[in-house]
$ cat protein01.cif   # mmCIF, C-alpha atoms
data_target
#
loop_
_atom_site.label_atom_id
_atom_site.label_comp_id
_atom_site.auth_asym_id
_atom_site.auth_seq_id
_atom_site.Cartn_x
_atom_site.Cartn_y
_atom_site.Cartn_z
CA MET A 1 57.16 84.01 112.87
CA ALA A 2 57.73 85.41 109.41
CA PRO A 3 58.95 82.83 106.91
CA ILE A 4 62.58 83.06 105.87
CA VAL A 5 62.67 84.49 102.38
CA PRO A 6 65.51 83.71 100.01
CA ARG A 7 67.63 86.79 99.51
CA SER A 8 68.59 88.22 96.13
CA GLY A 9 72.16 87.82 94.99
CA ASP A 10 72.66 91.58 95.25
CA ALA A 11 71.38 91.68 98.82
CA VAL A 12 73.60 88.80 99.88
CA PHE A 13 76.65 90.20 98.13
CA ALA A 14 76.16 93.57 99.82
CA ASN A 15 76.31 91.93 103.23
CA VAL A 16 79.19 89.48 103.02
CA GLU A 17 82.81 90.20 103.81
CA ARG A 18 84.66 91.11 100.66
CA VAL A 19 88.14 91.71 99.34
CA ASN A 20 89.39 93.72 96.38
CA ALA A 21 88.56 92.01 93.09
CA GLU A 22 91.88 92.92 91.52
CA LEU A 23 93.74 91.24 94.36
CA PHE A 24 91.64 88.14 93.76
CA THR A 25 92.24 88.26 90.01
CA LEU A 26 95.98 88.63 90.40
CA THR A 27 96.10 85.92 93.05
CA TYR A 28 94.22 83.54 90.80
CA GLY A 29 96.57 84.44 87.94
CA ALA A 30 99.52 83.63 90.19
CA ILE A 31 98.09 80.16 90.83
CA VAL A 32 97.62 79.40 87.16
CA ARG A 33 101.12 80.61 86.39
CA GLN A 34 102.52 78.49 89.21
CA LEU A 35 100.70 75.40 87.96
CA LEU A 36 101.93 75.96 84.41
CA THR A 37 105.49 76.13 85.70
CA ASP A 38 105.19 73.12 87.98
CA LEU A 39 103.14 70.78 85.83
CA GLU A 40 104.20 71.75 82.30
CA GLU A 41 101.35 69.87 80.62
CA VAL A 42 98.38 72.16 79.97
CA GLU A 43 96.00 69.23 80.33
CA GLU A 44 97.34 68.57 83.83
CA VAL A 45 96.86 72.22 84.74
CA ASN A 46 93.22 72.01 83.62
CA LYS A 47 92.75 68.98 85.88
CA GLN A 48 94.40 70.64 88.87
CA LEU A 49 92.38 73.84 88.52
CA ASP A 50 89.21 71.76 88.38
CA GLN A 51 90.28 69.79 91.45
CA MET A 52 91.13 72.98 93.35
CA GLY A 53 87.73 74.34 92.41
CA TYR A 54 86.07 71.16 93.64
CA ASN A 55 87.82 71.48 97.00
CA ILE A 56 86.68 75.11 97.22
CA GLY A 57 83.12 74.28 96.15
CA ILE A 58 82.53 71.61 98.77
CA ARG A 59 83.29 74.25 101.42
CA LEU A 60 81.76 77.29 99.79
CA ILE A 61 78.34 75.64 99.69
CA ASP A 62 78.09 76.06 103.47
CA GLU A 63 78.54 79.80 103.23
CA PHE A 64 76.09 79.88 100.37
CA LEU A 65 73.35 78.05 102.28
CA ALA A 66 73.99 80.02 105.46
CA LYS A 67 73.91 83.46 103.87
CA SER A 68 71.46 83.13 100.99
CA ASN A 69 68.47 81.66 102.85
CA VAL A 70 67.93 79.51 99.77
CA SER A 71 66.18 76.30 100.73
CA ARG A 72 65.85 73.07 98.79
CA CYS A 73 65.32 73.68 95.09
CA VAL A 74 62.37 71.80 93.60
CA ASP A 75 64.29 70.65 90.55
CA PHE A 76 67.47 71.03 88.56
CA LYS A 77 65.99 73.96 86.64
CA GLU A 78 65.54 75.95 89.81
CA THR A 79 69.00 74.92 90.97
CA ALA A 80 70.55 76.28 87.78
CA GLU A 81 68.73 79.59 88.17
CA VAL A 82 69.88 79.90 91.77
CA ILE A 83 73.51 79.26 90.82
CA ALA A 84 73.30 81.84 88.05
CA LYS A 85 71.45 84.58 89.89
CA VAL A 86 72.44 84.13 93.53
CA GLY A 87 75.62 82.00 93.56
CA PHE A 88 77.67 83.88 90.99
CA LYS A 89 76.50 87.21 92.35
CA MET A 90 77.25 86.30 95.94
CA PHE A 91 80.81 85.14 95.31
CA LEU A 92 82.07 86.97 92.25
CA GLY A 93 79.72 89.93 92.20
CA VAL A 94 78.49 89.10 88.69
CA SER A 95 75.42 87.33 87.32
CA ALA A 96 75.04 84.57 84.79
CA SER A 97 72.14 83.60 82.59
CA VAL A 98 70.76 80.12 82.08
CA THR A 99 70.04 78.87 78.58
CA ASN A 100 70.30 75.93 76.16
CA TRP A 101 68.19 73.50 78.19
CA ASP A 102 67.96 70.05 76.68
CA ALA A 103 64.55 68.46 76.19
CA ASP A 104 64.49 66.49 79.45
CA GLY A 105 65.79 69.34 81.64
CA MET A 106 68.97 67.51 82.56
CA SER A 107 71.52 69.89 81.10
CA CYS A 108 71.82 73.61 80.48
CA SER A 109 74.36 76.33 79.89
CA LEU A 110 75.44 79.12 82.22
CA ILE A 111 76.58 82.21 80.34
CA LEU A 112 78.71 84.59 82.35
CA GLU A 113 77.87 88.22 81.79
CA ASP A 114 81.19 89.30 83.21
CA ASN A 115 84.19 87.36 84.43
CA PRO A 116 86.46 88.93 87.03
CA LEU A 117 88.91 86.03 86.78
CA VAL A 118 90.18 87.12 83.38
CA ASP A 119 90.81 90.85 83.81
CA PHE A 120 94.21 91.67 82.26
CA VAL A 121 94.68 88.06 81.13
CA GLU A 122 96.08 87.16 77.74
CA LEU A 123 97.20 83.64 77.02
CA PRO A 124 100.50 83.11 75.23
CA ASP A 125 100.56 80.69 72.31
CA THR A 126 102.13 78.03 74.51
CA CYS A 127 98.93 77.87 76.57
CA GLN A 128 96.52 76.89 73.82
CA GLY A 129 94.32 74.19 75.30
CA LEU A 130 94.31 75.79 78.74
CA TYR A 131 90.93 76.33 80.35
CA TYR A 132 92.08 79.29 82.39
CA CYS A 133 88.87 79.54 84.42
CA ASN A 134 88.59 75.81 85.07
CA VAL A 135 88.41 76.49 88.80
CA LEU A 136 84.82 77.61 88.21
CA SER A 137 83.68 74.30 86.77
CA GLY A 138 85.19 72.57 89.78
CA VAL A 139 83.49 74.91 92.25
CA ILE A 140 80.07 74.25 90.72
CA ARG A 141 80.65 70.50 90.60
CA GLY A 142 81.87 70.41 94.21
CA ALA A 143 79.11 72.61 95.57
CA LEU A 144 76.36 70.64 93.81
CA GLU A 145 77.79 67.35 95.00
CA MET A 146 77.29 68.54 98.58
CA VAL A 147 73.59 68.99 97.87
CA SER A 148 73.38 65.50 96.38
CA MET A 149 73.71 66.31 92.70
CA LYS A 150 76.40 64.59 90.70
CA THR A 151 77.16 66.78 87.71
CA GLU A 152 79.55 67.12 84.83
CA VAL A 153 80.62 70.71 84.16
CA THR A 154 82.46 71.59 80.96
CA TRP A 155 83.38 74.70 78.98
CA VAL A 156 81.50 75.22 75.75
CA ARG A 157 82.78 78.71 74.97
CA ASP A 158 85.74 80.61 76.41
CA MET A 159 86.63 84.14 75.34
CA LEU A 160 90.30 83.55 76.11
CA ARG A 161 90.16 80.90 73.40
CA GLY A 162 88.57 83.29 70.93
CA ASP A 163 84.89 82.57 71.58
CA ASP A 164 82.32 85.31 72.01
CA ALA A 165 81.24 84.42 75.57
CA TYR A 166 82.01 82.32 78.64
CA GLU A 167 79.64 79.36 78.55
CA LEU A 168 79.67 76.46 80.98
CA LYS A 169 77.58 73.37 80.32
CA VAL A 170 76.18 71.78 83.47
CA LYS A 171 74.83 68.28 83.07
CA LEU A 172 73.02 66.47 85.88
CA LEU A 173 74.30 62.90 85.97
CA LYS A 174 72.63 61.60 89.09
CA GLN A 175 70.58 62.94 91.94
CA VAL A 176 71.47 61.08 95.11
CA SER A 177 68.68 60.52 97.59
CA GLU A 178 69.13 62.43 100.80
CA GLU A 179 67.26 59.98 102.98
CA TYR A 180 69.52 58.77 105.72
CA PRO A 181 68.87 55.96 108.20
CA TYR A 182 68.93 58.58 110.97
CA LYS A 183 68.36 62.28 111.49
CA ASP A 184 70.84 64.72 112.96
CA ASP A 185 68.68 65.56 115.92
CA GLU A 186 67.75 62.06 116.96
CA MET B 187 90.71 123.24 90.40
CA ALA B 188 90.41 121.62 93.79
CA PRO B 189 93.53 119.72 94.85
CA ILE B 190 93.32 115.92 94.75
CA VAL B 191 93.01 114.71 98.30
CA PRO B 192 94.21 111.25 99.31
CA ARG B 193 91.22 109.07 100.06
CA SER B 194 90.81 107.08 103.25
CA GLY B 195 91.18 103.31 103.06
CA ASP B 196 87.49 102.93 103.86
CA ALA B 197 86.44 105.28 101.09
CA VAL B 198 88.63 103.54 98.54
CA PHE B 199 87.54 100.08 99.62
CA ALA B 200 83.88 101.08 99.33
CA ASN B 201 84.37 102.03 95.70
CA VAL B 202 86.48 99.25 94.23
CA GLU B 203 85.22 96.07 92.63
CA ARG B 204 85.13 93.31 95.19
CA VAL B 205 84.62 89.58 95.52
CA ASN B 206 83.48 87.44 98.44
CA ALA B 207 86.20 87.18 101.09
CA GLU B 208 85.48 83.52 101.78
CA LEU B 209 86.05 82.68 98.12
CA PHE B 210 89.37 84.49 98.31
CA THR B 211 90.34 82.74 101.53
CA LEU B 212 89.51 79.31 100.16
CA THR B 213 91.25 80.06 96.87
CA TYR B 214 94.37 81.13 98.71
CA GLY B 215 94.16 77.99 100.83
CA ALA B 216 93.97 75.92 97.66
CA ILE B 217 97.20 77.51 96.41
CA VAL B 218 99.07 76.79 99.60
CA ARG B 219 97.85 73.20 99.60
CA GLN B 220 98.86 72.81 95.97
CA LEU B 221 102.34 74.16 96.66
CA LEU B 222 102.76 71.86 99.65
CA THR B 223 101.86 68.89 97.45
CA ASP B 224 104.07 69.93 94.54
CA LEU B 225 107.12 71.20 96.37
CA GLU B 226 107.18 69.06 99.52
CA GLU B 227 109.76 71.23 101.32
CA VAL B 228 108.06 73.83 103.53
CA GLU B 229 110.96 76.21 103.00
CA GLU B 230 110.39 76.05 99.24
CA VAL B 231 106.70 76.78 99.74
CA ASN B 232 107.58 79.87 101.78
CA LYS B 233 109.81 81.05 98.94
CA GLN B 234 107.18 80.43 96.28
CA LEU B 235 104.45 82.22 98.23
CA ASP B 236 106.76 85.19 98.66
CA GLN B 237 107.60 85.17 94.95
CA MET B 238 103.92 84.95 94.00
CA GLY B 239 103.23 87.87 96.32
CA TYR B 240 106.04 89.85 94.71
CA ASN B 241 104.53 89.27 91.25
CA ILE B 242 101.16 90.39 92.56
CA GLY B 243 102.61 93.43 94.36
CA ILE B 244 104.40 94.85 91.33
CA ARG B 245 101.03 94.97 89.54
CA LEU B 246 98.78 95.86 92.47
CA ILE B 247 100.70 99.09 93.06
CA ASP B 248 99.18 100.53 89.88
CA GLU B 249 95.65 100.00 91.16
CA PHE B 250 96.70 101.40 94.50
CA LEU B 251 98.12 104.62 93.04
CA ALA B 252 95.22 105.03 90.62
CA LYS B 253 92.45 104.56 93.17
CA SER B 254 93.87 105.96 96.39
CA ASN B 255 95.00 109.41 95.18
CA VAL B 256 98.03 108.94 97.41
CA SER B 257 100.95 110.92 96.05
CA ARG B 258 104.63 110.63 96.85
CA CYS B 259 105.23 109.97 100.55
CA VAL B 260 107.74 112.30 102.18
CA ASP B 261 109.57 109.51 103.97
CA PHE B 262 109.50 105.84 104.91
CA LYS B 263 107.44 106.62 108.01
CA GLU B 264 104.65 108.04 105.95
CA THR B 265 104.94 105.14 103.51
CA ALA B 266 104.46 102.64 106.33
CA GLU B 267 101.39 104.48 107.59
CA VAL B 268 99.88 104.54 104.12
CA ILE B 269 100.44 100.79 103.66
CA ALA B 270 98.84 100.10 107.02
CA LYS B 271 95.87 102.42 106.81
CA VAL B 272 95.11 102.63 103.09
CA GLY B 273 96.80 99.65 101.43
CA PHE B 274 95.58 96.87 103.71
CA LYS B 275 92.14 98.40 103.90
CA MET B 276 91.85 98.84 100.16
CA PHE B 277 92.79 95.29 99.26
CA LEU B 278 91.86 93.09 102.21
CA GLY B 279 89.30 95.30 103.92
CA VAL B 280 91.28 95.35 107.20
CA SER B 281 93.66 97.82 108.80
CA ALA B 282 97.08 97.39 110.30
CA SER B 283 98.95 99.44 112.84
CA VAL B 284 102.54 100.60 112.61
CA THR B 285 104.86 100.17 115.57
CA ASN B 286 108.37 99.19 116.73
CA TRP B 287 110.25 101.85 114.79
CA ASP B 288 113.99 101.59 115.10
CA ALA B 289 116.00 104.68 116.07
CA ASP B 290 116.87 105.79 112.53
CA GLY B 291 113.40 105.25 111.10
CA MET B 292 114.55 102.53 108.72
CA SER B 293 112.46 99.63 110.01
CA CYS B 294 109.09 99.13 111.64
CA SER B 295 106.44 96.51 112.27
CA LEU B 296 102.98 96.23 110.73
CA ILE B 297 100.52 94.53 113.07
CA LEU B 298 97.44 93.14 111.38
CA GLU B 299 94.25 93.72 113.28
CA ASP B 300 92.46 91.04 111.36
CA ASN B 301 93.66 88.59 108.72
CA PRO B 302 91.17 87.26 106.18
CA LEU B 303 93.76 84.88 104.73
CA VAL B 304 93.62 82.58 107.73
CA ASP B 305 89.91 82.11 108.34
CA PHE B 306 89.26 78.40 108.98
CA VAL B 307 92.96 77.58 108.67
CA GLU B 308 94.74 75.19 111.01
CA LEU B 309 98.18 73.93 110.19
CA PRO B 310 98.92 70.24 110.62
CA ASP B 311 102.09 69.24 112.46
CA THR B 312 103.78 68.47 109.15
CA CYS B 313 103.62 72.15 108.24
CA GLN B 314 105.60 73.58 111.11
CA GLY B 315 107.92 76.14 109.60
CA LEU B 316 105.38 77.25 107.03
CA TYR B 317 104.70 80.97 106.78
CA TYR B 318 101.17 80.51 105.54
CA CYS B 319 100.64 84.21 104.79
CA ASN B 320 103.99 84.70 103.10
CA VAL B 321 102.24 86.06 100.03
CA LEU B 322 101.70 89.27 102.02
CA SER B 323 105.38 89.90 102.60
CA GLY B 324 105.96 89.43 98.89
CA VAL B 325 103.15 91.82 97.94
CA ILE B 326 104.58 94.59 100.14
CA ARG B 327 108.12 94.01 98.88
CA GLY B 328 106.97 94.01 95.24
CA ALA B 329 104.75 97.06 95.57
CA LEU B 330 107.43 99.11 97.35
CA GLU B 331 110.04 98.16 94.81
CA MET B 332 107.88 99.77 92.13
CA VAL B 333 108.02 103.05 94.03
CA SER B 334 111.81 102.79 94.31
CA MET B 335 112.11 101.29 97.79
CA LYS B 336 114.10 98.11 98.20
CA THR B 337 112.85 96.41 101.35
CA GLU B 338 113.19 93.22 103.31
CA VAL B 339 109.87 91.98 104.74
CA THR B 340 109.82 89.21 107.33
CA TRP B 341 107.39 87.68 109.81
CA VAL B 342 108.07 88.43 113.46
CA ARG B 343 104.87 86.94 114.87
CA ASP B 344 102.35 84.58 113.29
CA MET B 345 99.23 83.39 115.09
CA LEU B 346 99.20 80.16 113.08
CA ARG B 347 102.54 79.44 114.73
CA GLY B 348 101.20 80.15 118.19
CA ASP B 349 102.03 83.83 118.51
CA ASP B 350 99.53 86.40 119.77
CA ALA B 351 99.43 88.56 116.63
CA TYR B 352 100.41 88.84 112.97
CA GLU B 353 103.47 91.07 112.83
CA LEU B 354 105.48 91.84 109.72
CA LYS B 355 108.79 93.62 109.96
CA VAL B 356 109.50 95.96 107.05
CA LYS B 357 113.07 97.14 106.71
CA LEU B 358 114.12 99.74 104.16
CA LEU B 359 117.34 98.58 102.55
CA LYS B 360 117.81 101.17 99.86
CA GLN B 361 115.89 104.01 98.35
CA VAL B 362 116.60 104.18 94.66
CA SER B 363 116.70 107.59 93.09
CA GLU B 364 113.92 108.15 90.60
CA GLU B 365 115.88 110.54 88.44
CA TYR B 366 116.15 109.11 84.98
CA PRO B 367 118.22 110.42 82.12
CA TYR B 368 114.97 111.17 80.31
CA LYS B 369 111.32 111.83 81.03
CA ASP B 370 108.38 109.82 79.70
CA ASP B 371 106.93 112.76 77.83
CA GLU B 372 110.09 113.96 76.18
#
$ encode --input "protein01.cif" --output "structure tokens"
Amino acid sequence: MAPIVPRSGDAVFANVERVNAELFTLTYGAIVRQLLTDLEEVEEVNKQLDQMGYNIGIRLIDEFLAKSNVSRCVDFKETAEVIAKVGFKMFLGVSASVTNWDADGMSCSLILEDNPLVDFVELPDTCQGLYYCNVLSGVIRGALEMVSMKTEVTWVRDMLRGDDAYELKVKLLKQVSEEYPYKDDE
Amino acid sequence: MAPIVPRSGDAVFANVERVNAELFTLTYGAIVRQLLTDLEEVEEVNKQLDQMGYNIGIRLIDEFLAKSNVSRCVDFKETAEVIAKVGFKMFLGVSASVTNWDADGMSCSLILEDNPLVDFVELPDTCQGLYYCNVLSGVIRGALEMVSMKTEVTWVRDMLRGDDAYELKVKLLKQVSEEYPYKDDE
């Protein structure tokens, strides 16, 4: 039998069910607006978006593993590359690049080359402090937790806040052993 | 110059920017969950989802008109067909059928053949009364209002509530004249 080869992000994205990106962008915008109205405090909105992302991420990882044919990554460096090149492509249709590794390979930055979440978005002055795309940090954190990596994901740069790129810092806090006292098929 | 021909829903959908449908489904689920937590009353959640849909619809119509090459519909019957065959396809990647016309052609039903919003969704007993997909009724209402049609859009059948289909009733309340005292280019 031929070995199962991991598929490129483009190949996966071409074969999954999709919806119109503008509908997604506007729907996401409607959530943020709703949260701003309901919660008032920008800091609370950041937390909720992150939590929503986490809840999405812990489910999205199943689709990712099922459709991408990606198997266990050898280390955190490979994991980061897979998120950037396959994960972002598969879900948002865009790629990211990985950079700014620290000396011990425990943290890096993901730079988004494009960001469909922010099309048509401008933040009013009252929303300074908002991390509009905070759902993304939550998704990554949630998805990685399901493959036994505890991470901290934070924004370093955000174009909606005047920076020149979207940059997420992903720091590996702890890699949980996956050895269980039993196997599924026993 | 060749006349501009309206494009089929499939053709339009193939050429727009898209994102992964599962990401959209999970994101929408996260909104509904958030609203249920924040608002507590199911009836309030229904209202908010409809309002969010309205806000989305009044913007989505621009993308629809720009990408579909659909021009002014001759009557409400044609409008309903265009929503079903081009609109649903273009944004959600699914079609709907139009049925149950009343005698004077002022109301009809849209039956969804597939509904990406509800993949993996089961409603707990505490959510009886929730119209989970109420964002859709708001989107249609909002979009039609921008082309001068005041409508009322309500759910007749909802599979999450045990029915055998998703059926939305669209009733034309008032067609506003588009004659203004001035033109844009004057």
$ calpha_fit_rmsd --input "protein01.cif" --fixed "chain A" --moving "chain B"
0.2 Å
$ resolve_selection --input "protein01.cif" --expression "the PyMOL selection byres ((chain A) within 9 of (chain B))" --output "ChimeraX atom specification"
/A:13,16-24,26-31,34-35,38-39,48,52-53,55-56,59-60,63,90-93,116
$ write_last_selection --input "protein01.cif" --atoms "C-alpha atoms" --output "mmCIF file, keeping the file's coordinate frame"
data_model
loop_
_atom_site.group_PDB
_atom_site.id
_atom_site.type_symbol
_atom_site.label_atom_id
_atom_site.label_comp_id
_atom_site.auth_asym_id
_atom_site.auth_seq_id
_atom_site.Cartn_x
_atom_site.Cartn_y
_atom_site.Cartn_z
ATOM 1 C CA PHE A 13 76.650 90.200 98.130
ATOM 2 C CA VAL A 16 79.190 89.480 103.020
ATOM 3 C CA GLU A 17 82.810 90.200 103.810
ATOM 4 C CA ARG A 18 84.660 91.110 100.660
ATOM 5 C CA VAL A 19 88.140 91.710 99.340
ATOM 6 C CA ASN A 20 89.390 93.720 96.380
ATOM 7 C CA ALA A 21 88.560 92.010 93.090
ATOM 8 C CA GLU A 22 91.880 92.920 91.520
ATOM 9 C CA LEU A 23 93.740 91.240 94.360
ATOM 10 C CA PHE A 24 91.640 88.140 93.760
ATOM 11 C CA LEU A 26 95.980 88.630 90.400
ATOM 12 C CA THR A 27 96.100 85.920 93.050
ATOM 13 C CA TYR A 28 94.220 83.540 90.800
ATOM 14 C CA GLY A 29 96.570 84.440 87.940
ATOM 15 C CA ALA A 30 99.520 83.630 90.190
ATOM 16 C CA ILE A 31 98.090 80.160 90.830
ATOM 17 C CA GLN A 34 102.520 78.490 89.210
ATOM 18 C CA LEU A 35 100.700 75.400 87.960
ATOM 19 C CA ASP A 38 105.190 73.120 87.980
ATOM 20 C CA LEU A 39 103.140 70.780 85.830
ATOM 21 C CA GLN A 48 94.400 70.640 88.870
ATOM 22 C CA MET A 52 91.130 72.980 93.350
ATOM 23 C CA GLY A 53 87.730 74.340 92.410
ATOM 24 C CA ASN A 55 87.820 71.480 97.000
ATOM 25 C CA ILE A 56 86.680 75.110 97.220
ATOM 26 C CA ARG A 59 83.290 74.250 101.420
ATOM 27 C CA LEU A 60 81.760 77.290 99.790
ATOM 28 C CA GLU A 63 78.540 79.800 103.230
ATOM 29 C CA MET A 90 77.250 86.300 95.940
ATOM 30 C CA PHE A 91 80.810 85.140 95.310
ATOM 31 C CA LEU A 92 82.070 86.970 92.250
ATOM 32 C CA GLY A 93 79.720 89.930 92.200
ATOM 33 C CA PRO A 116 86.460 88.930 87.030
#
$ residues_around --input "protein01.cif" --residues "B:Ser257" --least-positions-apart "4" --cutoff "12 Å" --atoms "all atoms listed in the file" --output "number ranges by chain"
B: 189-193, 250-253, 261, 264-265, 268, 333
$ atom_distance --input "protein01.cif" --atom1 "atom CA of A:Glu167" --atom2 "atom CA of A:Phe120"
19.4 Å
$ residues_around --input "protein01.cif" --residues "A:Ile61" --least-positions-apart "5" --cutoff "8 Å" --atoms "all atoms listed in the file" --output "PyMOL selection string"
chain A and resi 143-144+146
$ atom_distance --input "protein01.cif" --atom1 "atom CA of A:Gly162" --atom2 "atom CA of A:Glu81"
26.5 Å
$ atom_distance --input "protein01.cif" --atom1 "atom CA of B:Gln314" --atom2 "atom CA of B:Lys336"
29.0 Å
$ resolve_selection --input "protein01.cif" --expression "the PyMOL selection byres ((chain B and resi 297) around 12)" --output "NGL selection string"
:B and (266-267 or 269-271 or 274 or 280-286 or 294-296 or 298-301 or 341-345 or 350-356)
$ closest_residue --input "protein01.cif" --among "A:Cys133, A:Val139, A:Val42, A:Met106" --to "A:Leu172" --atoms "all atoms listed in the file"
A:Met106
$ residues_around --input "protein01.cif" --residues "B:Lys360" --least-positions-apart "3" --cutoff "10 Å" --atoms "only C-alpha atoms" --output "PyMOL selection string"
chain B and resi 292+331+334-338+357+363
$ closest_residue --input "protein01.cif" --among "A:Val86, A:Val74, A:Leu36, A:Leu173" --to "A:Tyr132" --atoms "all atoms listed in the file"
A:Leu36
$ residues_around --input "protein01.cif" --residues "A:Thr126" --least-positions-apart "4" --cutoff "12 Å" --atoms "all atoms listed in the file" --output "tab-separated table (two decimals) with C-alpha atoms, in the coordinates of the input"
chain	number	residue	atom	x	y	z
A	36	LEU	CA	101.93	75.96	84.41
A	37	THR	CA	105.49	76.13	85.70
A	40	GLU	CA	104.20	71.75	82.30
A	41	GLU	CA	101.35	69.87	80.62
A	42	VAL	CA	98.38	72.16	79.97
A	122	GLU	CA	96.08	87.16	77.74
A	130	LEU	CA	94.31	75.79	78.74
